[in-house]
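Asker: The following block contains the structure, expressed as structure tokens.
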Amino acid sequence: MSSASCPGTTNGGRSTVADDAVLFERRSQSGHEVISRGCDFASVFTDWRPGRESFVFFAPHDDDAAIGVALAIRQARRESIPVRIIVVTDGRNGYVTLRDRATIVERRVEETITSYAALGVPESDITFLNFPDGGLHSYFGRRLAVPGDPRDDHGYTGLESFFVRELRRRVDCGGALIAPSRIFVPSWADYHQDHVAVAREIPISLFHAMGGIWPEYGASIDRAPYLYWHCVYCGLPDGREPSIRITGGHKAFEDKMRAVEAYNSQGQIATIVSELRTGPPVEYLLEENFSLYKPGFYDYCFRG
């Protein structure tokens, strides 16, 4: 097992970590053995490229990335990795009193800025796509916008239009313009329909971002970023288990909770907050290397 120097100990499968640190652990593909451990992303992420890394977190709702992967976001900023948060919906359905209904969208924008600031992400690195909360099923694919639709600068709407644009967007990293190297998305098995919609549209958007289609969104990317599924309201799909565990020390975890609790308008996530407070300070990631179907893939079924 490879290991980077990292404060903390592991005892009986549960890791304890120094106050301001996080501990990364990666398990083998074939079992539950930890094969690498360390206090930085390079310890466990496949094909790590120092100085060439850029992370994008797709949040169907503003609080989803804070709930699911705040430890990862915080650590990325501490390692000076560029981070962008893409908030897909406008939060219009998140009111818990009738008094809040008229102002909830603006209030959630303010809460989002406060939340991710607690993790080291400035407002300039948060993008609000402003699709209607609870209505993403109407925005699969890409089409010309009609009045009332969120639209890009070219008159189109649809999740794929906006996702391709964000996947092709480069950020300055030491003087070089870097496309996203890793993207983080809630599991496609999640209970919330908006989470499922985003998860469904991400893979085809990756395919489009790598091709020459829709050149108005910028130059195509020359390689697909690694994709990390994470948990918000439920676990991963049946039969799938995480590749990576992230355990936070006390201060790291409290910073996460400050980010989550910034959404004080969101009374309906009180149960989630309680679970985070009483459970272990961990996050799980399922790493996938995006690839297209290849002829012969299923030949292993016909070896007899």
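Each chain in the structure tokens gets a letter, A, B, ..., in the order shown, and its residues are numbered from 1; ligands are numbered from 1 in order too.
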List as CSV every residue of segment 168-273 of chain A that is in contact with segment 132-146 of chain A, defined as an atom at most 10 Å from one of its atoms (using only C-alpha atoms), together with the nearest atom pair and the distance in Å rounded to one decimal, sorted by chain and then rising number.
Answerer:
```
residue,atom,partner,partner_atom,distance
A:His192,CA,A:Gly134,CA,8.6
A:Gln193,CA,A:Gly134,CA,7.2
A:Asp194,CA,A:Leu136,CA,5.8
A:His195,CA,A:Leu136,CA,9.0
A:Val196,CA,A:His137,CA,9.2
A:Ala197,CA,A:Leu136,CA,6.3
A:Val198,CA,A:Leu136,CA,7.9
A:Arg200,CA,A:Phe140,CA,8.8
A:Glu201,CA,A:Phe140,CA,7.1
A:Ile204,CA,A:Gly141,CA,9.0
A:Ser205,CA,A:Gly141,CA,8.9
```
Asker: Those same residues, written as a CSV table (one decimal), in the first residue's frame with N, CA and C atoms?
Answerer:
```csv
chain,number,residue,atom,x,y,z
A,192,HIS,N,-34.0,12.7,-5.6
A,192,HIS,CA,-34.5,13.9,-6.1
A,192,HIS,C,-34.4,13.9,-7.7
A,193,GLN,N,-35.6,14.2,-8.3
A,193,GLN,CA,-35.6,14.1,-9.8
A,193,GLN,C,-34.6,15.1,-10.4
A,194,ASP,N,-34.3,16.2,-9.8
A,194,ASP,CA,-33.3,17.2,-10.4
A,194,ASP,C,-31.9,16.6,-10.3
A,195,HIS,N,-31.6,15.8,-9.3
A,195,HIS,CA,-30.3,15.2,-9.2
A,195,HIS,C,-30.2,14.1,-10.3
A,196,VAL,N,-31.3,13.4,-10.5
A,196,VAL,CA,-31.3,12.3,-11.6
A,196,VAL,C,-31.1,13.0,-12.9
A,197,ALA,N,-31.8,14.1,-13.2
A,197,ALA,CA,-31.7,14.8,-14.5
A,197,ALA,C,-30.3,15.3,-14.7
A,198,VAL,N,-29.6,15.9,-13.8
A,198,VAL,CA,-28.2,16.3,-13.9
A,198,VAL,C,-27.3,15.1,-14.2
A,200,ARG,N,-28.0,12.3,-15.5
A,200,ARG,CA,-28.3,11.7,-16.8
A,200,ARG,C,-27.7,12.5,-17.9
A,201,GLU,N,-27.7,13.9,-17.8
A,201,GLU,CA,-27.2,14.7,-18.9
A,201,GLU,C,-25.7,14.9,-18.9
A,204,ILE,N,-23.6,12.5,-21.6
A,204,ILE,CA,-23.7,12.9,-23.0
A,204,ILE,C,-23.1,14.3,-23.3
A,205,SER,N,-23.1,15.2,-22.2
A,205,SER,CA,-22.5,16.5,-22.3
A,205,SER,C,-21.0,16.3,-22.4
```
Asker: Quick one: residues within 8 Å of segment 256-265 of chain A, only C-alpha atoms, excluding same-chain residues fewer than 6 positions away - as a list in words?
Answerer: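 Here the qualifying residues turn out to be Asp63, Ala66, Ile67, Ala70, Leu71, Arg74, Gly94, Tyr95, Val96, Ile104, Arg107, Arg108, Glu111, Thr112, Thr114, Ser115, Tyr116, Ala117, Ala118, Leu119, Val273 and Arg277 of chain A.
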Asker: Per residue of segment 170-190 of chain A within 12 Å of segment 289-303 of chain A, which atom pair is closest and at what distance in Å (one decimal), using only C-alpha atoms, listed by chain and increasing number, as JSON lines?
Answerer:
```
{"residue": "A:Ser181", "atom": "CA", "partner": "A:Asn289", "partner_atom": "CA", "distance": 11.0}
{"residue": "A:Arg182", "atom": "CA", "partner": "A:Asn289", "partner_atom": "CA", "distance": 9.8}
{"residue": "A:Ile183", "atom": "CA", "partner": "A:Asn289", "partner_atom": "CA", "distance": 10.8}
```
Asker: I need the residue nearest Val232 of chain A from this list: A:Val69, A:Asn130, A:Ala102, A:Asp255. Use only C-alpha atoms for the distance.
Answerer: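 That would be A:Val69, the residue with the smallest distance to Val232 of chain A.
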Asker: Among segment 31-232 of chain A, which residues does DSSP mark as helix (DSSP H, G or I) when it is run on the backbone? Keep the chain and numbering as in the structure and answer as a count of residues only.
Answerer: 73
Asker: Provide the atom CA of Trp214 of chain A to atom CA of Phe128 of chain A distance in Å, to one decimal place.
Answerer: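 Those two atoms sit 21.1 Å apart.
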